[in-house]
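Visitor: Pasting a structure here, questions to come.
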Amino acid sequence: MAPSSKQLVALLVITLVAMAPFTADASCALVVATAAACGPYMTHAKNTISKDCCTALGKSVDALHTKADRVEACNCLKTAISEVKGFDYGRADAVHKQCKTAYPFPLDKSYDCSKG
């Protein structure tokens, strides 16, 4: 039996929260907060993007000042997303557009995070 949307969102949140303590940089923690807030939309559990998602996304973007911050956040997010079944990269792209926030790197599993 396939997991429900709620189960996928729960898995996303658990995976991201579990990863946060293992980084010395705050960038990963910010990405975790953003992904948790936006997860329901990006895994099809919800059909709309929440205000909390846009707020978290804005805070995350504002905090990624240096290339090192962006590389850390990118690697953290790619690792977490790879563990989540049902993650929709197209919906992730839509979040940036609907929240009117330009993210400093694309959410693409083939993107080279070292480009920062």
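Chains: A, B, ... in order of the structure tokens. Residues: from 1 per chain. Ligands: from 1, in order shown.
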Can you tell me which residues surround Ser27 in chain A at a distance of at most 10 Å, considering only C-alpha atoms, apart from same-chain residues fewer than 5 positions away, and format the answer as a count of residues only?
Guide: 16
Visitor: Residues at most 6 Å from range 83-91 of chain A, counting only C-alpha atoms, excluding those fewer than 2 positions away in the same chain, as a list in words?
Guide: Leu12, Met42, Thr43, Ala80, Ile81, Asp93 and Ala94 of chain A
Visitor: Please identify which residues in range 36-113 of chain A DSSP calls alpha helix (DSSP H) from the backbone, and express them as a PyMOL selection string.
Guide: chain A and resi 36-42+51-63+67-82+89-98
Visitor: My list of candidates is A:Thr34, A:Ser82, A:Gln98, A:Asn75. Which is closest to Cys113 in chain A when distances are computed with only C-alpha atoms?
Guide: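 When distances to Cys113 in chain A are compared using only C-alpha atoms, the smallest one comes from A:Asn75.
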Visitor: When distances are computed from only C-alpha atoms, which of A:Lys59, A:Lys97, A:Asp108, A:Thr79 shows the smallest separation from Leu30 in chain A?
Guide: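 Counting only C-alpha atoms, the residue closest to Leu30 in chain A is A:Lys59.
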